[in-house]
>>> print(open('upload_17.pdb').read())   # PDB, N, CA and C atoms
ATOM      1  N   MET A   1      57.993  45.901 -18.505  1.00  0.00           N
ATOM      2  CA  MET A   1      57.443  47.062 -17.829  1.00  0.00           C
ATOM      3  C   MET A   1      56.393  46.595 -16.817  1.00  0.00           C
ATOM      4  N   ARG A   2      56.460  47.171 -15.622  1.00  0.00           N
ATOM      5  CA  ARG A   2      55.474  46.840 -14.594  1.00  0.00           C
ATOM      6  C   ARG A   2      54.103  47.379 -14.991  1.00  0.00           C
ATOM      7  N   LEU A   3      53.068  46.666 -14.580  1.00  0.00           N
ATOM      8  CA  LEU A   3      51.704  47.067 -14.910  1.00  0.00           C
ATOM      9  C   LEU A   3      51.398  48.463 -14.372  1.00  0.00           C
ATOM     10  N   GLN A   4      51.833  48.773 -13.162  1.00  0.00           N
ATOM     11  CA  GLN A   4      51.526  50.096 -12.609  1.00  0.00           C
ATOM     12  C   GLN A   4      52.239  51.202 -13.381  1.00  0.00           C
ATOM     13  N   ASP A   5      53.400  50.914 -13.962  1.00  0.00           N
ATOM     14  CA  ASP A   5      54.069  51.902 -14.821  1.00  0.00           C
ATOM     15  C   ASP A   5      53.279  52.111 -16.111  1.00  0.00           C
ATOM     16  N   ARG A   6      52.786  51.005 -16.678  1.00  0.00           N
ATOM     17  CA  ARG A   6      51.999  51.082 -17.902  1.00  0.00           C
ATOM     18  C   ARG A   6      50.715  51.878 -17.670  1.00  0.00           C
ATOM     19  N   VAL A   7      50.037  51.598 -16.567  1.00  0.00           N
ATOM     20  CA  VAL A   7      48.813  52.335 -16.238  1.00  0.00           C
ATOM     21  C   VAL A   7      49.134  53.818 -16.116  1.00  0.00           C
ATOM     22  N   GLY A   8      50.195  54.145 -15.431  1.00  0.00           N
ATOM     23  CA  GLY A   8      50.577  55.541 -15.251  1.00  0.00           C
ATOM     24  C   GLY A   8      50.843  56.250 -16.563  1.00  0.00           C
ATOM     25  N   LEU A   9      51.580  55.606 -17.450  1.00  0.00           N
ATOM     26  CA  LEU A   9      51.877  56.215 -18.747  1.00  0.00           C
ATOM     27  C   LEU A   9      50.617  56.373 -19.585  1.00  0.00           C
ATOM     28  N   ASN A  10      49.733  55.386 -19.534  1.00  0.00           N
ATOM     29  CA  ASN A  10      48.481  55.472 -20.290  1.00  0.00           C
ATOM     30  C   ASN A  10      47.588  56.586 -19.761  1.00  0.00           C
ATOM     31  N   VAL A  11      47.499  56.703 -18.445  1.00  0.00           N
ATOM     32  CA  VAL A  11      46.696  57.777 -17.856  1.00  0.00           C
ATOM     33  C   VAL A  11      47.258  59.125 -18.289  1.00  0.00           C
ATOM     34  N   GLN A  12      48.555  59.274 -18.180  1.00  0.00           N
ATOM     35  CA  GLN A  12      49.192  60.539 -18.545  1.00  0.00           C
ATOM     36  C   GLN A  12      48.959  60.876 -20.023  1.00  0.00           C
ATOM     37  N   GLU A  13      49.122  59.891 -20.891  1.00  0.00           N
ATOM     38  CA  GLU A  13      48.937  60.109 -22.326  1.00  0.00           C
ATOM     39  C   GLU A  13      47.491  60.510 -22.645  1.00  0.00           C
ATOM     40  N   LEU A  14      46.535  59.792 -22.069  1.00  0.00           N
ATOM     41  CA  LEU A  14      45.124  60.094 -22.315  1.00  0.00           C
ATOM     42  C   LEU A  14      44.737  61.460 -21.729  1.00  0.00           C
ATOM     43  N   ARG A  15      45.269  61.765 -20.552  1.00  0.00           N
ATOM     44  CA  ARG A  15      44.976  63.065 -19.918  1.00  0.00           C
ATOM     45  C   ARG A  15      45.496  64.208 -20.789  1.00  0.00           C
ATOM     46  N   ARG A  16      46.715  64.083 -21.261  1.00  0.00           N
ATOM     47  CA  ARG A  16      47.309  65.137 -22.092  1.00  0.00           C
ATOM     48  C   ARG A  16      46.572  65.265 -23.427  1.00  0.00           C
ATOM     49  N   ALA A  17      46.150  64.133 -23.995  1.00  0.00           N
ATOM     50  CA  ALA A  17      45.408  64.167 -25.260  1.00  0.00           C
ATOM     51  C   ALA A  17      44.091  64.928 -25.110  1.00  0.00           C
ATOM     52  N   ARG A  18      43.525  64.897 -23.914  1.00  0.00           N
ATOM     53  CA  ARG A  18      42.273  65.603 -23.644  1.00  0.00           C
ATOM     54  C   ARG A  18      42.504  67.004 -23.080  1.00  0.00           C
ATOM     55  N   LYS A  19      43.792  67.380 -23.014  1.00  0.00           N
ATOM     56  CA  LYS A  19      44.190  68.714 -22.541  1.00  0.00           C
ATOM     57  C   LYS A  19      43.658  69.019 -21.137  1.00  0.00           C
ATOM     58  N   LEU A  20      43.794  68.022 -20.271  1.00  0.00           N
ATOM     59  CA  LEU A  20      43.403  68.181 -18.869  1.00  0.00           C
ATOM     60  C   LEU A  20      44.650  68.281 -18.007  1.00  0.00           C
ATOM     61  N   SER A  21      44.591  69.101 -16.985  1.00  0.00           N
ATOM     62  CA  SER A  21      45.671  69.142 -16.005  1.00  0.00           C
ATOM     63  C   SER A  21      45.468  67.977 -15.036  1.00  0.00           C
ATOM     64  N   GLN A  22      46.502  67.667 -14.278  1.00  0.00           N
ATOM     65  CA  GLN A  22      46.348  66.632 -13.248  1.00  0.00           C
ATOM     66  C   GLN A  22      45.266  67.038 -12.262  1.00  0.00           C
ATOM     67  N   GLU A  23      45.240  68.301 -11.916  1.00  0.00           N
ATOM     68  CA  GLU A  23      44.244  68.789 -10.968  1.00  0.00           C
ATOM     69  C   GLU A  23      42.823  68.591 -11.502  1.00  0.00           C
ATOM     70  N   GLU A  24      42.623  68.894 -12.777  1.00  0.00           N
ATOM     71  CA  GLU A  24      41.298  68.724 -13.378  1.00  0.00           C
ATOM     72  C   GLU A  24      40.883  67.258 -13.412  1.00  0.00           C
ATOM     73  N   LEU A  25      41.805  66.387 -13.843  1.00  0.00           N
ATOM     74  CA  LEU A  25      41.477  64.959 -13.901  1.00  0.00           C
ATOM     75  C   LEU A  25      41.239  64.403 -12.507  1.00  0.00           C
ATOM     76  N   ALA A  26      42.036  64.812 -11.550  1.00  0.00           N
ATOM     77  CA  ALA A  26      41.847  64.350 -10.168  1.00  0.00           C
ATOM     78  C   ALA A  26      40.464  64.740  -9.663  1.00  0.00           C
ATOM     79  N   SER A  27      40.055  65.951  -9.942  1.00  0.00           N
ATOM     80  CA  SER A  27      38.740  66.416  -9.519  1.00  0.00           C
ATOM     81  C   SER A  27      37.631  65.594 -10.178  1.00  0.00           C
ATOM     82  N   LEU A  28      37.744  65.389 -11.477  1.00  0.00           N
ATOM     83  CA  LEU A  28      36.751  64.593 -12.201  1.00  0.00           C
ATOM     84  C   LEU A  28      36.709  63.143 -11.704  1.00  0.00           C
ATOM     85  N   SER A  29      37.870  62.636 -11.269  1.00  0.00           N
ATOM     86  CA  SER A  29      37.986  61.250 -10.799  1.00  0.00           C
ATOM     87  C   SER A  29      37.665  61.094  -9.317  1.00  0.00           C
ATOM     88  N   GLU A  30      37.510  62.232  -8.641  1.00  0.00           N
ATOM     89  CA  GLU A  30      37.262  62.251  -7.195  1.00  0.00           C
ATOM     90  C   GLU A  30      38.383  61.582  -6.407  1.00  0.00           C
ATOM     91  N   ILE A  31      39.622  61.911  -6.819  1.00  0.00           N
ATOM     92  CA  ILE A  31      40.807  61.476  -6.076  1.00  0.00           C
ATOM     93  C   ILE A  31      41.687  62.703  -5.872  1.00  0.00           C
ATOM     94  N   HIS A  32      42.648  62.607  -4.974  1.00  0.00           N
ATOM     95  CA  HIS A  32      43.528  63.736  -4.685  1.00  0.00           C
ATOM     96  C   HIS A  32      44.565  63.870  -5.798  1.00  0.00           C
ATOM     97  N   GLN A  33      44.940  65.095  -6.102  1.00  0.00           N
ATOM     98  CA  GLN A  33      45.901  65.359  -7.169  1.00  0.00           C
ATOM     99  C   GLN A  33      47.246  64.701  -6.912  1.00  0.00           C
ATOM    100  N   THR A  34      47.709  64.683  -5.673  1.00  0.00           N
ATOM    101  CA  THR A  34      49.010  64.056  -5.387  1.00  0.00           C
ATOM    102  C   THR A  34      48.942  62.546  -5.590  1.00  0.00           C
ATOM    103  N   TYR A  35      47.767  61.959  -5.335  1.00  0.00           N
ATOM    104  CA  TYR A  35      47.593  60.518  -5.586  1.00  0.00           C
ATOM    105  C   TYR A  35      47.653  60.260  -7.086  1.00  0.00           C
ATOM    106  N   LEU A  36      46.974  61.089  -7.873  1.00  0.00           N
ATOM    107  CA  LEU A  36      47.007  60.940  -9.331  1.00  0.00           C
ATOM    108  C   LEU A  36      48.431  61.089  -9.848  1.00  0.00           C
ATOM    109  N   SER A  37      49.164  62.029  -9.311  1.00  0.00           N
ATOM    110  CA  SER A  37      50.559  62.205  -9.695  1.00  0.00           C
ATOM    111  C   SER A  37      51.353  60.929  -9.436  1.00  0.00           C
ATOM    112  N   GLY A  38      51.109  60.305  -8.288  1.00  0.00           N
ATOM    113  CA  GLY A  38      51.777  59.045  -7.955  1.00  0.00           C
ATOM    114  C   GLY A  38      51.392  57.918  -8.895  1.00  0.00           C
ATOM    115  N   VAL A  39      50.132  57.898  -9.316  1.00  0.00           N
ATOM    116  CA  VAL A  39      49.681  56.884 -10.283  1.00  0.00           C
ATOM    117  C   VAL A  39      50.418  57.091 -11.607  1.00  0.00           C
ATOM    118  N   GLU A  40      50.438  58.335 -12.085  1.00  0.00           N
ATOM    119  CA  GLU A  40      51.084  58.624 -13.370  1.00  0.00           C
ATOM    120  C   GLU A  40      52.582  58.321 -13.346  1.00  0.00           C
ATOM    121  N   SER A  41      53.219  58.519 -12.225  1.00  0.00           N
ATOM    122  CA  SER A  41      54.661  58.272 -12.141  1.00  0.00           C
ATOM    123  C   SER A  41      54.991  56.813 -11.829  1.00  0.00           C
ATOM    124  N   GLY A  42      53.963  55.996 -11.582  1.00  0.00           N
ATOM    125  CA  GLY A  42      54.189  54.584 -11.283  1.00  0.00           C
ATOM    126  C   GLY A  42      54.562  54.330  -9.843  1.00  0.00           C
ATOM    127  N   LYS A  43      54.475  55.347  -8.994  1.00  0.00           N
ATOM    128  CA  LYS A  43      54.815  55.187  -7.580  1.00  0.00           C
ATOM    129  C   LYS A  43      53.643  54.654  -6.764  1.00  0.00           C
ATOM    130  N   ARG A  44      52.428  54.823  -7.290  1.00  0.00           N
ATOM    131  CA  ARG A  44      51.229  54.334  -6.618  1.00  0.00           C
ATOM    132  C   ARG A  44      50.658  53.164  -7.394  1.00  0.00           C
ATOM    133  N   ASN A  45      50.102  52.217  -6.663  1.00  0.00           N
ATOM    134  CA  ASN A  45      49.469  51.052  -7.258  1.00  0.00           C
ATOM    135  C   ASN A  45      47.964  51.237  -7.104  1.00  0.00           C
ATOM    136  N   PRO A  46      47.288  51.794  -8.136  1.00  0.00           N
ATOM    137  CA  PRO A  46      45.875  52.121  -7.986  1.00  0.00           C
ATOM    138  C   PRO A  46      44.979  50.883  -7.881  1.00  0.00           C
ATOM    139  N   SER A  47      43.955  51.002  -7.073  1.00  0.00           N
ATOM    140  CA  SER A  47      42.970  49.923  -6.957  1.00  0.00           C
ATOM    141  C   SER A  47      42.113  49.895  -8.214  1.00  0.00           C
ATOM    142  N   LEU A  48      41.351  48.829  -8.365  1.00  0.00           N
ATOM    143  CA  LEU A  48      40.435  48.736  -9.497  1.00  0.00           C
ATOM    144  C   LEU A  48      39.406  49.855  -9.451  1.00  0.00           C
ATOM    145  N   LEU A  49      38.980  50.231  -8.261  1.00  0.00           N
ATOM    146  CA  LEU A  49      38.022  51.323  -8.109  1.00  0.00           C
ATOM    147  C   LEU A  49      38.609  52.627  -8.644  1.00  0.00           C
ATOM    148  N   VAL A  50      39.853  52.901  -8.315  1.00  0.00           N
ATOM    149  CA  VAL A  50      40.507  54.128  -8.790  1.00  0.00           C
ATOM    150  C   VAL A  50      40.690  54.075 -10.304  1.00  0.00           C
ATOM    151  N   ILE A  51      41.094  52.923 -10.838  1.00  0.00           N
ATOM    152  CA  ILE A  51      41.232  52.777 -12.288  1.00  0.00           C
ATOM    153  C   ILE A  51      39.890  53.040 -12.962  1.00  0.00           C
ATOM    154  N   GLU A  52      38.836  52.525 -12.376  1.00  0.00           N
ATOM    155  CA  GLU A  52      37.496  52.734 -12.928  1.00  0.00           C
ATOM    156  C   GLU A  52      37.102  54.220 -12.899  1.00  0.00           C
ATOM    157  N   ARG A  53      37.393  54.894 -11.807  1.00  0.00           N
ATOM    158  CA  ARG A  53      37.078  56.327 -11.696  1.00  0.00           C
ATOM    159  C   ARG A  53      37.846  57.160 -12.715  1.00  0.00           C
ATOM    160  N   ILE A  54      39.127  56.860 -12.863  1.00  0.00           N
ATOM    161  CA  ILE A  54      39.953  57.606 -13.821  1.00  0.00           C
ATOM    162  C   ILE A  54      39.464  57.344 -15.236  1.00  0.00           C
ATOM    163  N   ALA A  55      39.178  56.095 -15.557  1.00  0.00           N
ATOM    164  CA  ALA A  55      38.688  55.755 -16.894  1.00  0.00           C
ATOM    165  C   ALA A  55      37.375  56.472 -17.190  1.00  0.00           C
ATOM    166  N   LYS A  56      36.481  56.510 -16.224  1.00  0.00           N
ATOM    167  CA  LYS A  56      35.198  57.193 -16.409  1.00  0.00           C
ATOM    168  C   LYS A  56      35.424  58.678 -16.668  1.00  0.00           C
ATOM    169  N   ALA A  57      36.328  59.287 -15.915  1.00  0.00           N
ATOM    170  CA  ALA A  57      36.623  60.715 -16.087  1.00  0.00           C
ATOM    171  C   ALA A  57      37.243  60.992 -17.453  1.00  0.00           C
ATOM    172  N   LEU A  58      38.029  60.035 -17.958  1.00  0.00           N
ATOM    173  CA  LEU A  58      38.661  60.185 -19.267  1.00  0.00           C
ATOM    174  C   LEU A  58      37.750  59.717 -20.406  1.00  0.00           C
ATOM    175  N   LYS A  59      36.594  59.158 -20.042  1.00  0.00           N
ATOM    176  CA  LYS A  59      35.614  58.659 -21.013  1.00  0.00           C
ATOM    177  C   LYS A  59      36.192  57.558 -21.895  1.00  0.00           C
ATOM    178  N   VAL A  60      36.884  56.617 -21.224  1.00  0.00           N
ATOM    179  CA  VAL A  60      37.416  55.441 -21.907  1.00  0.00           C
ATOM    180  C   VAL A  60      37.053  54.206 -21.093  1.00  0.00           C
ATOM    181  N   ASP A  61      37.159  53.053 -21.718  1.00  0.00           N
ATOM    182  CA  ASP A  61      36.976  51.790 -21.023  1.00  0.00           C
ATOM    183  C   ASP A  61      38.196  51.577 -20.114  1.00  0.00           C
ATOM    184  N   PRO A  62      38.005  51.036 -18.913  1.00  0.00           N
ATOM    185  CA  PRO A  62      39.164  50.809 -18.028  1.00  0.00           C
ATOM    186  C   PRO A  62      40.274  49.986 -18.690  1.00  0.00           C
ATOM    187  N   GLU A  63      39.900  49.163 -19.648  1.00  0.00           N
ATOM    188  CA  GLU A  63      40.882  48.361 -20.374  1.00  0.00           C
ATOM    189  C   GLU A  63      41.942  49.231 -21.053  1.00  0.00           C
ATOM    190  N   GLU A  64      41.544  50.434 -21.466  1.00  0.00           N
ATOM    191  CA  GLU A  64      42.480  51.350 -22.117  1.00  0.00           C
ATOM    192  C   GLU A  64      43.633  51.748 -21.195  1.00  0.00           C
ATOM    193  N   LEU A  65      43.412  51.702 -19.899  1.00  0.00           N
ATOM    194  CA  LEU A  65      44.446  52.113 -18.955  1.00  0.00           C
ATOM    195  C   LEU A  65      45.494  51.032 -18.706  1.00  0.00           C
ATOM    196  N   VAL A  66      45.153  49.790 -19.028  1.00  0.00           N
ATOM    197  CA  VAL A  66      46.113  48.694 -18.801  1.00  0.00           C
ATOM    198  C   VAL A  66      46.678  48.128 -20.098  1.00  0.00           C
ATOM    199  N   ARG A  67      46.168  48.589 -21.218  1.00  0.00           N
ATOM    200  CA  ARG A  67      46.584  48.089 -22.520  1.00  0.00           C
ATOM    201  C   ARG A  67      48.000  48.527 -22.873  1.00  0.00           C
ATOM    202  N   ARG A  68      48.720  47.618 -23.537  1.00  0.00           N
ATOM    203  CA  ARG A  68      50.042  47.975 -24.070  1.00  0.00           C
ATOM    204  C   ARG A  68      49.858  48.870 -25.266  1.00  0.00           C
ATOM    205  N   ARG A  69      50.698  49.865 -25.362  1.00  0.00           N
ATOM    206  CA  ARG A  69      50.606  50.805 -26.503  1.00  0.00           C
ATOM    207  C   ARG A  69      51.820  50.658 -27.385  1.00  0.00           C
TER
END
>>> encode(input="upload_17.pdb", output="C-alpha cells")
Amino acid sequence: MRLQDRVGLNVQELRRARKLSQEELASLSEIHQTYLSGVESGKRNPSLLVIERIAKALKVDPEELVRRR
C-alpha cells in the first residue's frame, strides 16, 4: 500500500471515529474540504505541514496518520 493511501485511510478512520464531517475537519485543519477529500482518497500527497495540521485537529500525534493499522 502506498503511504499516501495509508495516510488517507487513517485520516478518514480517525475523522469518522470523532464523528466529524470532512467539512468540519477541513475547517479545523485550515485546509480546503476538496483538498481533504483528495487526501482521504489517496489522490493528494499531503505535505508534512498538512499532516501536522490534520493531526492537531484530530488531537493525535502525526505518527498516527502514517502508522500501519
>>> closest_residue(input="upload_17.pdb", among="A:Arg69, A:Val7, A:Glu40, A:Ala17", to="Glu52 (chain A)", atoms="only C-alpha atoms")
A:Val7
>>> atom_distance(input="upload_17.pdb", atom1="atom C of Met1 (chain A)", atom2="CA of Leu28 (chain A)")
27.0 Å
>>> atom_distance(input="upload_17.pdb", atom1="atom N of Leu25 (chain A)", atom2="atom C of Pro46 (chain A)")
16.9 Å
>>> resolve_selection(input="upload_17.pdb", expression="the PyMOL selection byres ((chain A and resi 10) around 8)", output="MDAnalysis selection string")
chainID A and resid 4:9 11:16 40 64:67 69
>>> residues_around(input="upload_17.pdb", residues="Ser47 (chain A)", least_positions_apart="4", cutoff="12 Å", atoms="only C-alpha atoms", output="PyMOL selection string")
chain A and resi 4+7+31+35-36+39+51-54+62
>>> write_last_selection(input="upload_17.pdb", atoms="N, CA and C atoms", output="PDB file, in the coordinates of the input")
ATOM      1  N   GLN A   4      51.833  48.773 -13.162  1.00  0.00           N
ATOM      2  CA  GLN A   4      51.526  50.096 -12.609  1.00  0.00           C
ATOM      3  C   GLN A   4      52.239  51.202 -13.381  1.00  0.00           C
ATOM      4  N   VAL A   7      50.037  51.598 -16.567  1.00  0.00           N
ATOM      5  CA  VAL A   7      48.813  52.335 -16.238  1.00  0.00           C
ATOM      6  C   VAL A   7      49.134  53.818 -16.116  1.00  0.00           C
ATOM      7  N   ILE A  31      39.622  61.911  -6.819  1.00  0.00           N
ATOM      8  CA  ILE A  31      40.807  61.476  -6.076  1.00  0.00           C
ATOM      9  C   ILE A  31      41.687  62.703  -5.872  1.00  0.00           C
ATOM     10  N   TYR A  35      47.767  61.959  -5.335  1.00  0.00           N
ATOM     11  CA  TYR A  35      47.593  60.518  -5.586  1.00  0.00           C
ATOM     12  C   TYR A  35      47.653  60.260  -7.086  1.00  0.00           C
ATOM     13  N   LEU A  36      46.974  61.089  -7.873  1.00  0.00           N
ATOM     14  CA  LEU A  36      47.007  60.940  -9.331  1.00  0.00           C
ATOM     15  C   LEU A  36      48.431  61.089  -9.848  1.00  0.00           C
ATOM     16  N   VAL A  39      50.132  57.898  -9.316  1.00  0.00           N
ATOM     17  CA  VAL A  39      49.681  56.884 -10.283  1.00  0.00           C
ATOM     18  C   VAL A  39      50.418  57.091 -11.607  1.00  0.00           C
ATOM     19  N   ILE A  51      41.094  52.923 -10.838  1.00  0.00           N
ATOM     20  CA  ILE A  51      41.232  52.777 -12.288  1.00  0.00           C
ATOM     21  C   ILE A  51      39.890  53.040 -12.962  1.00  0.00           C
ATOM     22  N   GLU A  52      38.836  52.525 -12.376  1.00  0.00           N
ATOM     23  CA  GLU A  52      37.496  52.734 -12.928  1.00  0.00           C
ATOM     24  C   GLU A  52      37.102  54.220 -12.899  1.00  0.00           C
ATOM     25  N   ARG A  53      37.393  54.894 -11.807  1.00  0.00           N
ATOM     26  CA  ARG A  53      37.078  56.327 -11.696  1.00  0.00           C
ATOM     27  C   ARG A  53      37.846  57.160 -12.715  1.00  0.00           C
ATOM     28  N   ILE A  54      39.127  56.860 -12.863  1.00  0.00           N
ATOM     29  CA  ILE A  54      39.953  57.606 -13.821  1.00  0.00           C
ATOM     30  C   ILE A  54      39.464  57.344 -15.236  1.00  0.00           C
ATOM     31  N   PRO A  62      38.005  51.036 -18.913  1.00  0.00           N
ATOM     32  CA  PRO A  62      39.164  50.809 -18.028  1.00  0.00           C
ATOM     33  C   PRO A  62      40.274  49.986 -18.690  1.00  0.00           C
TER      34      PRO A  62
END
>>> select_by_dssp(input="upload_17.pdb", residues="chain A", states="helix (DSSP H, G or I)", output="ChimeraX atom specification")
/A:3-17,22-29,33-41,48-58,63-66
>>> atom_distance(input="upload_17.pdb", atom1="atom C of Arg68 (chain A)", atom2="atom C of Glu24 (chain A)")
23.6 Å
>>> axis_aligned_box(input="upload_17.pdb", around="region 25-29 of chain A", padding_each_side="6 Å", output="lines of an AutoDock Vina configuration file")
center_x = 39.4
center_y = 63.8
center_z = -11.6
size_x = 17.3
size_y = 17.3
size_z = 16.6
